[in-house]
Amino acid sequence: MYDFGIIGGGIVGLSTGMALGRRYPNARIVVLEKERLWANHQTGNNSGVIHSGIYYKPGSFKAKFCGEGSRSMVEFCRTHGISHEVCGKVIVATEPEQLPLLENLYKRGLENNLKLAKLCAEEVKEIEPHVSCIAGIRVFTTGIVDYKQVCQKMADLILSQGGDIHLNTKVEKICQTGETQVLETNNGTFETRFAINCAGLHSDRIAKLAHIDPKAKIVPFRGEYYELKPESRYLVKTLIYPVPNPAFPFLGVHFTRMIDGSVHAGPNAVLSFKREGYKKTDFDIRDFTEVMTYPGFWKLAAKHASSGIEEIIRSFSKAAFVHSLQKLIPEVQASDLVPTHAGVRAQALMNDGKLVDDFLIVESKNAIHVCNAPSPAATSSIEIGKAIALAIPSQPHKQVALNL
Ligand SMILES: Cc1cc2nc3c(=O)[nH]c(=O)nc-3n(C[C@H](O)[C@H](O)[C@H](O)COP(=O)(O)OP(=O)(O)OC[C@H]3O[C@@H](n4cnc5c(N)ncnc54)[C@H](O)[C@@H]3O)c2cc1C
C-alpha cells in the first residue's frame, strides 16, 4: 500500500514525487510511467527554455509558478550541476501595429516583477546583430536547459528519498475501494491512499478513469522545429521571439539557442491527429474521433479558421515557415535550415471553444488531477510540485484544500 501514487513521469509528475518525498519523508511514494524513459513526451520534446513569466496575467497560476519556478529551476540546476544558462532573450516588434502589444507586454512584465529593458532597433542589433525590427524588449531572466537531464536528476532524488519508480507501467484502470485507490496497470496493481494524475496528453482520460470530469478535453497541438545548420548558427546569439498573438497561448515561431549549442527555429502549432503524434502522418482513430466530435473544437476552429489554415500551410511548406522566420532575421534562408524534432502540446479546450488559459488542477477526495499544464509548466514544475505537496494532508484520505 502506497501513500501517494503518481501517474506520469514527465517533469510535473517527477517534481511532485520529489516534493512529496521532502514534505513527508516517511511516506511511501510510487511514480508510474508508461514509457521506457522519463520525459518521453512534452517534457523531452520542448524548447528547453526557462521562461521568465513575462506573458502571463498577473495573479494567474502561470504568472506565480513561472516567476518563482524560473528561480527554483535555476537553483535546482546549480545545486545538482545540470548545464544551464541564464542568457536572456529579446522579444521584437517587426511591424508598427505590434508596438502597442509590445508595450502591453512590457507593462505586464513589470507587474510580474521582472527585470526588463526597452530597446530601440539599434540596441536589439547590439545583442542580436542579424535581427531586423523596429523595437524590442530584453528579458534578462530567461534561460535554457535540457529538461530531460532535470528529470533524470528528479527521478534519482525520488529514489534516494526512498520512493519507488516504475517505467513501462501504464495505468489502465482506476478503482476506488473504501479509502484506497487501486491503480491497475499492464505491470501489476498498485494500491495507494492518494493518487496524483500528471499524465499530460492523457490527463483528461486518467481523470475520467477516476470518475472526475475535468470539464475540458485535451487537444493535441504539434509543434514542429527546424534547426540551423552548424555553419549558420552565428545568426542567433540567444533567444529571439516575435510579439505573440494575444488570442493564442502559443508564442509564435522563434529562434532558441539550446543548451547543447544548436539553434532551433519553431515551434509552429498544428492540430495533431494523434495525441502522441510526432510525425505529420501520425493518426489515431480514437484521438481523431474524440477531437472531431467535440463541440468545443468546432467552436475554436470557426473562430480561428484563418490562423489554423496558415499553420497547416506553414507545416507543409518550408518556404512558408522560412518566411515567418525571415520577419525576425531577413538573412535566414531555406538552405540554412534542416527539419528536426517535434513536440506535442497537451492543451485543454473547454466545451464552449475556449482554450484553458491557466494551469488547471482539479481536486477530489483522494486525488489531484493536473488537467492543463502546457508551457510554461516545465519552468514552473518545481513550484507546481511543491504546491501539490503542500495541498495534500498528511492523512491523505482527508479532503484536500488546494491553496494554489
Ligand atoms: C513543442 C513544445 C515546446 C515547449 N517549450 C517549453 C519551454 O521551452 N519551456 C517550458 O517551460 N515549457 C515548454 N513546453 C511545455 C512543457 O514541456 C510542458 O508544459 C511540460 O513538459 C508538461 O509536463 P508534464 O509532466 O505535465 O507532461 P509530460 O511531459 O507529457 O508527461 C506526462 C507523462 O505521463 C505519462 N502517461 C500518460 N498516460 C499515462 C498512463 N496511463 N500511465 C502511466 N503514464 C502515463 C506519459 O507517458 C508522459 O511521460 C513546451 C511544450 C511543447 C510541446
# chains A, B, ... in the order shown; residues from 1 in each chain; ligands from 1
>>> residues_near_ligand(ligand="ligand 1", cutoff="7 Å", atoms="only C-alpha atoms and all ligand atoms", output="PDB file with N, CA, C and O atoms, in the first residue's frame")
ATOM      1  N   ILE A   7       0.787   9.308 -11.348  1.00  0.00           N
ATOM      2  CA  ILE A   7       0.642   8.749 -12.693  1.00  0.00           C
ATOM      3  C   ILE A   7       1.299   9.723 -13.666  1.00  0.00           C
ATOM      4  O   ILE A   7       0.830  10.855 -13.831  1.00  0.00           O
ATOM      5  N   GLY A   8       2.389   9.309 -14.296  1.00  0.00           N
ATOM      6  CA  GLY A   8       3.073  10.161 -15.268  1.00  0.00           C
ATOM      7  C   GLY A   8       4.453  10.556 -14.809  1.00  0.00           C
ATOM      8  O   GLY A   8       4.608  11.163 -13.743  1.00  0.00           O
ATOM      9  N   GLY A   9       5.451  10.198 -15.604  1.00  0.00           N
ATOM     10  CA  GLY A   9       6.837  10.533 -15.285  1.00  0.00           C
ATOM     11  C   GLY A   9       7.381  11.582 -16.230  1.00  0.00           C
ATOM     12  O   GLY A   9       8.494  11.476 -16.732  1.00  0.00           O
ATOM     13  N   GLY A  10       6.564  12.636 -16.450  1.00  0.00           N
ATOM     14  CA  GLY A  10       7.088  13.851 -17.071  1.00  0.00           C
ATOM     15  C   GLY A  10       7.589  14.736 -15.940  1.00  0.00           C
ATOM     16  O   GLY A  10       7.652  14.322 -14.773  1.00  0.00           O
ATOM     17  N   ILE A  11       7.915  15.979 -16.264  1.00  0.00           N
ATOM     18  CA  ILE A  11       8.542  16.832 -15.245  1.00  0.00           C
ATOM     19  C   ILE A  11       7.583  17.188 -14.117  1.00  0.00           C
ATOM     20  O   ILE A  11       8.006  17.359 -12.969  1.00  0.00           O
ATOM     21  N   VAL A  12       6.274  17.240 -14.407  1.00  0.00           N
ATOM     22  CA  VAL A  12       5.322  17.609 -13.348  1.00  0.00           C
ATOM     23  C   VAL A  12       5.174  16.449 -12.363  1.00  0.00           C
ATOM     24  O   VAL A  12       5.209  16.642 -11.141  1.00  0.00           O
ATOM     25  N   GLY A  13       5.049  15.222 -12.884  1.00  0.00           N
ATOM     26  CA  GLY A  13       4.931  14.059 -12.010  1.00  0.00           C
ATOM     27  C   GLY A  13       6.184  13.862 -11.165  1.00  0.00           C
ATOM     28  O   GLY A  13       6.107  13.609  -9.953  1.00  0.00           O
ATOM     29  N   LEU A  32       4.453   6.055 -11.603  1.00  0.00           N
ATOM     30  CA  LEU A  32       4.197   5.088 -12.669  1.00  0.00           C
ATOM     31  C   LEU A  32       4.270   5.797 -14.018  1.00  0.00           C
ATOM     32  O   LEU A  32       3.562   6.791 -14.234  1.00  0.00           O
ATOM     33  N   GLU A  33       5.111   5.325 -14.881  1.00  0.00           N
ATOM     34  CA  GLU A  33       5.298   5.956 -16.201  1.00  0.00           C
ATOM     35  C   GLU A  33       5.174   4.878 -17.277  1.00  0.00           C
ATOM     36  O   GLU A  33       5.823   3.839 -17.184  1.00  0.00           O
ATOM     37  N   LYS A  34       4.357   5.135 -18.281  1.00  0.00           N
ATOM     38  CA  LYS A  34       4.101   4.083 -19.278  1.00  0.00           C
ATOM     39  C   LYS A  34       5.259   3.873 -20.254  1.00  0.00           C
ATOM     40  O   LYS A  34       5.376   2.814 -20.851  1.00  0.00           O
ATOM     41  N   GLU A  35       6.118   4.876 -20.415  1.00  0.00           N
ATOM     42  CA  GLU A  35       7.214   4.738 -21.388  1.00  0.00           C
ATOM     43  C   GLU A  35       8.439   4.096 -20.737  1.00  0.00           C
ATOM     44  O   GLU A  35       8.502   3.973 -19.525  1.00  0.00           O
ATOM     45  N   TRP A  38      12.025   8.414 -18.788  1.00  0.00           N
ATOM     46  CA  TRP A  38      11.349   9.604 -18.254  1.00  0.00           C
ATOM     47  C   TRP A  38      11.254  10.662 -19.340  1.00  0.00           C
ATOM     48  O   TRP A  38      12.067  10.675 -20.274  1.00  0.00           O
ATOM     49  N   ALA A  39      10.311  11.563 -19.196  1.00  0.00           N
ATOM     50  CA  ALA A  39      10.253  12.777 -20.033  1.00  0.00           C
ATOM     51  C   ALA A  39      10.159  12.460 -21.520  1.00  0.00           C
ATOM     52  O   ALA A  39      10.741  13.164 -22.342  1.00  0.00           O
ATOM     53  N   ASN A  40       9.439  11.409 -21.857  1.00  0.00           N
ATOM     54  CA  ASN A  40       9.419  10.970 -23.247  1.00  0.00           C
ATOM     55  C   ASN A  40       8.456  11.785 -24.115  1.00  0.00           C
ATOM     56  O   ASN A  40       8.518  11.706 -25.327  1.00  0.00           O
ATOM     57  N   HIS A  41       7.573  12.540 -23.479  1.00  0.00           N
ATOM     58  CA  HIS A  41       6.588  13.281 -24.296  1.00  0.00           C
ATOM     59  C   HIS A  41       6.836  14.784 -24.194  1.00  0.00           C
ATOM     60  O   HIS A  41       7.920  15.222 -24.554  1.00  0.00           O
ATOM     61  N   GLN A  42       5.870  15.560 -23.698  1.00  0.00           N
ATOM     62  CA  GLN A  42       6.061  17.017 -23.765  1.00  0.00           C
ATOM     63  C   GLN A  42       7.401  17.479 -23.197  1.00  0.00           C
ATOM     64  O   GLN A  42       8.112  18.278 -23.803  1.00  0.00           O
ATOM     65  N   THR A  43       7.746  16.939 -22.026  1.00  0.00           N
ATOM     66  CA  THR A  43       8.932  17.454 -21.334  1.00  0.00           C
ATOM     67  C   THR A  43      10.217  17.249 -22.131  1.00  0.00           C
ATOM     68  O   THR A  43      11.101  18.108 -22.131  1.00  0.00           O
ATOM     69  N   GLY A  44      10.294  16.112 -22.814  1.00  0.00           N
ATOM     70  CA  GLY A  44      11.535  15.801 -23.512  1.00  0.00           C
ATOM     71  C   GLY A  44      11.579  16.316 -24.938  1.00  0.00           C
ATOM     72  O   GLY A  44      12.579  16.125 -25.636  1.00  0.00           O
ATOM     73  N   ASN A  45      10.505  16.952 -25.378  1.00  0.00           N
ATOM     74  CA  ASN A  45      10.467  17.431 -26.769  1.00  0.00           C
ATOM     75  C   ASN A  45      10.132  18.913 -26.823  1.00  0.00           C
ATOM     76  O   ASN A  45       9.512  19.379 -27.777  1.00  0.00           O
ATOM     77  N   ASN A  46      10.491  19.636 -25.792  1.00  0.00           N
ATOM     78  CA  ASN A  46      10.117  21.052 -25.777  1.00  0.00           C
ATOM     79  C   ASN A  46      11.291  21.934 -26.211  1.00  0.00           C
ATOM     80  O   ASN A  46      12.292  21.450 -26.728  1.00  0.00           O
ATOM     81  N   SER A  47      11.149  23.243 -26.000  1.00  0.00           N
ATOM     82  CA  SER A  47      12.171  24.178 -26.488  1.00  0.00           C
ATOM     83  C   SER A  47      13.331  24.334 -25.512  1.00  0.00           C
ATOM     84  O   SER A  47      14.304  25.031 -25.820  1.00  0.00           O
ATOM     85  N   GLY A  48      13.192  23.776 -24.321  1.00  0.00           N
ATOM     86  CA  GLY A  48      14.290  23.861 -23.361  1.00  0.00           C
ATOM     87  C   GLY A  48      14.498  25.259 -22.788  1.00  0.00           C
ATOM     88  O   GLY A  48      15.608  25.608 -22.388  1.00  0.00           O
ATOM     89  N   VAL A  49      13.422  26.027 -22.722  1.00  0.00           N
ATOM     90  CA  VAL A  49      13.560  27.401 -22.226  1.00  0.00           C
ATOM     91  C   VAL A  49      13.078  27.478 -20.777  1.00  0.00           C
ATOM     92  O   VAL A  49      12.033  26.920 -20.432  1.00  0.00           O
ATOM     93  N   ILE A  50      13.854  28.167 -19.960  1.00  0.00           N
ATOM     94  CA  ILE A  50      13.396  28.513 -18.613  1.00  0.00           C
ATOM     95  C   ILE A  50      12.742  29.890 -18.785  1.00  0.00           C
ATOM     96  O   ILE A  50      13.425  30.905 -18.931  1.00  0.00           O
ATOM     97  N   HIS A  51      11.417  29.872 -18.848  1.00  0.00           N
ATOM     98  CA  HIS A  51      10.709  31.125 -19.137  1.00  0.00           C
ATOM     99  C   HIS A  51      10.758  32.060 -17.931  1.00  0.00           C
ATOM    100  O   HIS A  51      10.788  31.618 -16.778  1.00  0.00           O
ATOM    101  N   THR A 169       5.061   1.168 -17.275  1.00  0.00           N
ATOM    102  CA  THR A 169       3.899   0.820 -16.445  1.00  0.00           C
ATOM    103  C   THR A 169       2.758   1.790 -16.757  1.00  0.00           C
ATOM    104  O   THR A 169       2.785   2.955 -16.346  1.00  0.00           O
ATOM    105  N   LYS A 170       1.788   1.281 -17.494  1.00  0.00           N
ATOM    106  CA  LYS A 170       0.701   2.149 -17.962  1.00  0.00           C
ATOM    107  C   LYS A 170      -0.546   1.936 -17.107  1.00  0.00           C
ATOM    108  O   LYS A 170      -1.038   0.809 -16.995  1.00  0.00           O
ATOM    109  N   VAL A 171      -1.042   3.012 -16.515  1.00  0.00           N
ATOM    110  CA  VAL A 171      -2.279   2.907 -15.728  1.00  0.00           C
ATOM    111  C   VAL A 171      -3.449   2.757 -16.697  1.00  0.00           C
ATOM    112  O   VAL A 171      -3.648   3.585 -17.592  1.00  0.00           O
ATOM    113  N   GLU A 172      -4.200   1.663 -16.518  1.00  0.00           N
ATOM    114  CA  GLU A 172      -5.284   1.381 -17.459  1.00  0.00           C
ATOM    115  C   GLU A 172      -6.657   1.478 -16.820  1.00  0.00           C
ATOM    116  O   GLU A 172      -7.659   1.670 -17.492  1.00  0.00           O
ATOM    117  N   CYS A 198      -0.660  13.162 -13.334  1.00  0.00           N
ATOM    118  CA  CYS A 198       0.226  14.093 -14.059  1.00  0.00           C
ATOM    119  C   CYS A 198       0.476  13.499 -15.441  1.00  0.00           C
ATOM    120  O   CYS A 198       1.624  13.407 -15.888  1.00  0.00           O
ATOM    121  N   ALA A 199      -0.604  13.075 -16.096  1.00  0.00           N
ATOM    122  CA  ALA A 199      -0.448  12.272 -17.309  1.00  0.00           C
ATOM    123  C   ALA A 199      -0.412  13.105 -18.595  1.00  0.00           C
ATOM    124  O   ALA A 199      -0.527  12.538 -19.690  1.00  0.00           O
ATOM    125  N   GLY A 200      -0.248  14.402 -18.481  1.00  0.00           N
ATOM    126  CA  GLY A 200      -0.015  15.247 -19.659  1.00  0.00           C
ATOM    127  C   GLY A 200      -1.056  15.067 -20.747  1.00  0.00           C
ATOM    128  O   GLY A 200      -2.245  15.372 -20.560  1.00  0.00           O
ATOM    129  N   LEU A 201      -0.639  14.536 -21.879  1.00  0.00           N
ATOM    130  CA  LEU A 201      -1.539  14.391 -23.034  1.00  0.00           C
ATOM    131  C   LEU A 201      -2.719  13.457 -22.755  1.00  0.00           C
ATOM    132  O   LEU A 201      -3.688  13.439 -23.500  1.00  0.00           O
ATOM    133  N   HIS A 202      -2.629  12.680 -21.680  1.00  0.00           N
ATOM    134  CA  HIS A 202      -3.725  11.756 -21.343  1.00  0.00           C
ATOM    135  C   HIS A 202      -4.385  12.125 -20.020  1.00  0.00           C
ATOM    136  O   HIS A 202      -5.128  11.306 -19.458  1.00  0.00           O
ATOM    137  N   SER A 203      -4.134  13.317 -19.525  1.00  0.00           N
ATOM    138  CA  SER A 203      -4.618  13.656 -18.178  1.00  0.00           C
ATOM    139  C   SER A 203      -6.142  13.658 -18.101  1.00  0.00           C
ATOM    140  O   SER A 203      -6.711  13.280 -17.078  1.00  0.00           O
ATOM    141  N   ILE A 206      -7.234   9.994 -17.784  1.00  0.00           N
ATOM    142  CA  ILE A 206      -6.968   9.441 -16.449  1.00  0.00           C
ATOM    143  C   ILE A 206      -8.012   9.999 -15.465  1.00  0.00           C
ATOM    144  O   ILE A 206      -8.539   9.269 -14.619  1.00  0.00           O
ATOM    145  N   ARG A 222       0.642  19.866 -32.361  1.00  0.00           N
ATOM    146  CA  ARG A 222       2.049  19.532 -32.625  1.00  0.00           C
ATOM    147  C   ARG A 222       2.846  20.814 -32.894  1.00  0.00           C
ATOM    148  O   ARG A 222       2.353  21.737 -33.554  1.00  0.00           O
ATOM    149  N   GLY A 223       4.055  20.845 -32.385  1.00  0.00           N
ATOM    150  CA  GLY A 223       4.952  21.965 -32.650  1.00  0.00           C
ATOM    151  C   GLY A 223       6.168  21.414 -33.370  1.00  0.00           C
ATOM    152  O   GLY A 223       6.912  20.604 -32.800  1.00  0.00           O
ATOM    153  N   GLU A 224       6.349  21.817 -34.611  1.00  0.00           N
ATOM    154  CA  GLU A 224       7.469  21.295 -35.407  1.00  0.00           C
ATOM    155  C   GLU A 224       8.604  22.324 -35.424  1.00  0.00           C
ATOM    156  O   GLU A 224       8.351  23.532 -35.425  1.00  0.00           O
ATOM    157  N   PRO A 267       8.453  26.540 -32.298  1.00  0.00           N
ATOM    158  CA  PRO A 267       7.615  25.577 -32.986  1.00  0.00           C
ATOM    159  C   PRO A 267       6.362  26.240 -33.558  1.00  0.00           C
ATOM    160  O   PRO A 267       5.918  27.263 -33.047  1.00  0.00           O
ATOM    161  N   ALA A 342       9.932  17.252 -33.183  1.00  0.00           N
ATOM    162  CA  ALA A 342       8.639  17.904 -32.947  1.00  0.00           C
ATOM    163  C   ALA A 342       8.197  17.552 -31.536  1.00  0.00           C
ATOM    164  O   ALA A 342       8.645  16.553 -30.964  1.00  0.00           O
ATOM    165  N   GLY A 343       7.347  18.389 -30.975  1.00  0.00           N
ATOM    166  CA  GLY A 343       6.748  18.093 -29.667  1.00  0.00           C
ATOM    167  C   GLY A 343       5.240  18.204 -29.823  1.00  0.00           C
ATOM    168  O   GLY A 343       4.764  18.831 -30.777  1.00  0.00           O
ATOM    169  N   VAL A 344       4.494  17.595 -28.924  1.00  0.00           N
ATOM    170  CA  VAL A 344       3.031  17.767 -28.979  1.00  0.00           C
ATOM    171  C   VAL A 344       2.571  18.365 -27.656  1.00  0.00           C
ATOM    172  O   VAL A 344       2.854  17.821 -26.585  1.00  0.00           O
ATOM    173  N   ARG A 345       1.868  19.505 -27.763  1.00  0.00           N
ATOM    174  CA  ARG A 345       1.377  20.184 -26.561  1.00  0.00           C
ATOM    175  C   ARG A 345       0.043  19.581 -26.144  1.00  0.00           C
ATOM    176  O   ARG A 345      -0.823  19.342 -26.988  1.00  0.00           O
ATOM    177  N   ALA A 373      -1.444  21.558 -18.115  1.00  0.00           N
ATOM    178  CA  ALA A 373      -0.100  22.020 -17.717  1.00  0.00           C
ATOM    179  C   ALA A 373       0.748  22.225 -18.963  1.00  0.00           C
ATOM    180  O   ALA A 373       1.775  21.577 -19.155  1.00  0.00           O
ATOM    181  N   PRO A 374       0.288  23.157 -19.839  1.00  0.00           N
ATOM    182  CA  PRO A 374       1.108  23.440 -21.019  1.00  0.00           C
ATOM    183  C   PRO A 374       2.240  24.404 -20.645  1.00  0.00           C
ATOM    184  O   PRO A 374       2.435  24.691 -19.460  1.00  0.00           O
ATOM    185  N   SER A 375       2.947  24.917 -21.630  1.00  0.00           N
ATOM    186  CA  SER A 375       4.027  25.860 -21.364  1.00  0.00           C
ATOM    187  C   SER A 375       3.480  27.011 -20.512  1.00  0.00           C
ATOM    188  O   SER A 375       2.358  27.462 -20.767  1.00  0.00           O
ATOM    189  N   PRO A 376       4.133  27.469 -19.505  1.00  0.00           N
ATOM    190  CA  PRO A 376       5.491  27.199 -19.066  1.00  0.00           C
ATOM    191  C   PRO A 376       5.554  26.179 -17.910  1.00  0.00           C
ATOM    192  O   PRO A 376       6.235  26.434 -16.911  1.00  0.00           O
ATOM    193  N   ALA A 377       4.897  25.025 -18.060  1.00  0.00           N
ATOM    194  CA  ALA A 377       4.857  24.087 -16.933  1.00  0.00           C
ATOM    195  C   ALA A 377       6.211  23.427 -16.674  1.00  0.00           C
ATOM    196  O   ALA A 377       6.469  23.000 -15.555  1.00  0.00           O
ATOM    197  N   ALA A 378       7.069  23.324 -17.678  1.00  0.00           N
ATOM    198  CA  ALA A 378       8.394  22.758 -17.395  1.00  0.00           C
ATOM    199  C   ALA A 378       9.150  23.719 -16.471  1.00  0.00           C
ATOM    200  O   ALA A 378       9.701  23.317 -15.440  1.00  0.00           O
ATOM    201  N   THR A 379       9.140  25.007 -16.845  1.00  0.00           N
ATOM    202  CA  THR A 379       9.777  26.024 -15.995  1.00  0.00           C
ATOM    203  C   THR A 379       9.175  26.017 -14.591  1.00  0.00           C
ATOM    204  O   THR A 379       9.886  26.151 -13.594  1.00  0.00           O
ATOM    205  N   SER A 380       7.849  25.869 -14.539  1.00  0.00           N
ATOM    206  CA  SER A 380       7.102  26.029 -13.273  1.00  0.00           C
ATOM    207  C   SER A 380       7.066  24.762 -12.450  1.00  0.00           C
ATOM    208  O   SER A 380       6.503  24.756 -11.346  1.00  0.00           O
TER     209      SER A 380
END
>>> residues_around(residues="Glu179 (chain A)", least_positions_apart="2", cutoff="8 Å", atoms="only C-alpha atoms", output="PyMOL selection string")
chain A and resi 176-177+181+193+366+397
>>> select_by_dssp(residues="region 27-156 of chain A", states="strand (DSSP E or B)", output="list in words")
Ile29, Val30, Val31, Leu32, Val49, Ile50, His84, Glu85, Lys89, Val90, Ile91, Val92, Ala93, Leu116, Ala117, Lys118, Leu119, Cys120, Ala135, Gly136, Ile137, Arg138, Val139, Gly143, Ile144 and Val145 of chain A
>>> select_by_dssp(residues="region 26-205 of chain A", states="alpha helix (DSSP H)", output="NGL selection string")
:A and (61-80 or 99-111 or 121-127 or 147-160 or 203-205)
>>> closest_atom_pairs(of="region 94-116 of chain A", to="region 240-263 of chain A", cutoff="12 Å", atoms="only C-alpha atoms", output="tab-separated table")
residue	atom	partner	partner_atom	distance
A:Thr94	CA	A:Pro242	CA	7.7
A:Glu95	CA	A:Val243	CA	9.7
A:Pro96	CA	A:Val243	CA	11.4
A:Glu97	CA	A:Val243	CA	10.4
A:Gln98	CA	A:Val243	CA	6.8
A:Leu99	CA	A:Val243	CA	8.8
A:Pro100	CA	A:Val243	CA	10.1
A:Leu101	CA	A:Val243	CA	7.1
A:Leu102	CA	A:Val243	CA	6.4
A:Glu103	CA	A:Val243	CA	10.1
A:Asn104	CA	A:Pro246	CA	10.4
A:Leu105	CA	A:Val243	CA	8.5
A:Tyr106	CA	A:Val243	CA	10.9
>>> write_last_selection(atoms="C-alpha atoms", output="JSON list (two decimals), in the first residue's frame")
[["chain", "number", "residue", "atom", "x", "y", "z"],
["A", 94, "THR", "CA", 8.65, 43.95, -36.66],
["A", 95, "GLU", "CA", 5.50, 45.90, -37.66],
["A", 96, "PRO", "CA", 4.18, 49.22, -36.28],
["A", 97, "GLU", "CA", 0.86, 47.51, -35.31],
["A", 98, "GLN", "CA", 2.81, 45.33, -32.87],
["A", 99, "LEU", "CA", 4.16, 48.29, -30.88],
["A", 100, "PRO", "CA", 1.12, 48.63, -28.55],
["A", 101, "LEU", "CA", 1.25, 44.86, -27.94],
["A", 102, "LEU", "CA", 4.95, 45.10, -27.13],
["A", 103, "GLU", "CA", 4.22, 47.96, -24.74],
["A", 104, "ASN", "CA", 1.49, 45.87, -23.04],
["A", 105, "LEU", "CA", 3.94, 43.02, -22.69],
["A", 106, "TYR", "CA", 6.49, 45.34, -21.11]]
>>> residues_around(residues="Asn372 (chain A)", least_positions_apart="4", cutoff="6 Å", atoms="only C-alpha atoms", output="PDB file with N, CA and C atoms, in the first residue's frame")
ATOM      1  N   ALA A 348      -5.696  21.983 -22.961  1.00  0.00           N
ATOM      2  CA  ALA A 348      -7.094  21.695 -22.600  1.00  0.00           C
ATOM      3  C   ALA A 348      -8.007  22.717 -23.277  1.00  0.00           C
ATOM      4  N   PHE A 359      -3.008  27.106 -15.811  1.00  0.00           N
ATOM      5  CA  PHE A 359      -2.887  25.715 -15.350  1.00  0.00           C
ATOM      6  C   PHE A 359      -4.221  25.332 -14.714  1.00  0.00           C
ATOM      7  N   LEU A 360      -4.631  24.096 -14.938  1.00  0.00           N
ATOM      8  CA  LEU A 360      -5.911  23.636 -14.377  1.00  0.00           C
ATOM      9  C   LEU A 360      -5.639  22.405 -13.514  1.00  0.00           C
TER      10      LEU A 360
END
>>> closest_residue(among="A:Arg138, A:His264, A:Lys115, A:His211", to="Leu325 (chain A)", atoms="only C-alpha atoms")
A:His264
>>> residues_around(residues="Ala27 (chain A)", least_positions_apart="5", cutoff="8 Å", atoms="only C-alpha atoms", output="list of chain:residue names")
A:Tyr2, A:Asp3, A:Phe4, A:Gly21
>>> residues_around(residues="Pro214 (chain A)", least_positions_apart="2", cutoff="9 Å", atoms="only C-alpha atoms", output="list in words")
Asp204, Ala207, Lys208, Ile212, Ala216, Lys217, Leu360, Ile361, Val362, His369 and Cys371 of chain A
>>> atom_distance(atom1="CA of Leu14 (chain A)", atom2="CA of Ser160 (chain A)")
13.1 Å
>>> residues_around(residues="Met292 (chain A)", least_positions_apart="4", cutoff="12 Å", atoms="only C-alpha atoms", output="PyMOL selection string")
chain A and resi 217+219+271-274+285-288+296-301
>>> closest_residue(among="A:Pro230, A:Arg108, A:Leu337, A:Gly353", to="Val322 (chain A)", atoms="only C-alpha atoms")
A:Leu337
>>> atom_distance(atom1="CA of Glu111 (chain A)", atom2="CA of Phe61 (chain A)")
14.4 Å
>>> closest_residue(among="A:His323, A:Arg233, A:His80, A:Lys354", to="Leu157 (chain A)", atoms="only C-alpha atoms")
A:His80
>>> residues_around(residues="His130 (chain A)", least_positions_apart="6", cutoff="9 Å", atoms="only C-alpha atoms", output="MDAnalysis selection string")
chainID A and resid 234:236 328:332
>>> write_last_selection(atoms="N, CA and C atoms", output="short mmCIF file (atom, residue, chain, number, x, y, z; two decimals), in the first residue's frame")
data_model
loop_
_atom_site.label_atom_id
_atom_site.label_comp_id
_atom_site.auth_asym_id
_atom_site.auth_seq_id
_atom_site.Cartn_x
_atom_site.Cartn_y
_atom_site.Cartn_z
N TYR A 234 25.67 31.21 -36.32
CA TYR A 234 26.14 32.56 -35.97
C TYR A 234 25.00 33.58 -36.06
N LEU A 235 23.91 33.22 -36.77
CA LEU A 235 22.80 34.17 -36.95
C LEU A 235 22.07 34.46 -35.64
N VAL A 236 22.21 33.58 -34.66
CA VAL A 236 21.44 33.71 -33.41
C VAL A 236 22.39 33.60 -32.22
N LEU A 328 11.93 37.94 -38.57
CA LEU A 328 12.84 38.23 -37.46
C LEU A 328 14.27 38.42 -37.97
N ILE A 329 14.71 37.49 -38.83
CA ILE A 329 16.08 37.55 -39.37
C ILE A 329 15.97 37.46 -40.89
N PRO A 330 15.97 38.59 -41.58
CA PRO A 330 15.76 38.55 -43.03
C PRO A 330 16.80 37.71 -43.78
N GLU A 331 18.01 37.61 -43.21
CA GLU A 331 19.07 36.85 -43.91
C GLU A 331 18.84 35.35 -43.95
N VAL A 332 18.00 34.83 -43.04
CA VAL A 332 17.90 33.37 -42.94
C VAL A 332 17.25 32.82 -44.21
#
>>> closest_residue(among="A:Lys318, A:His304, A:Lys215, A:Arg205", to="Arg275 (chain A)", atoms="only C-alpha atoms")
A:Arg205
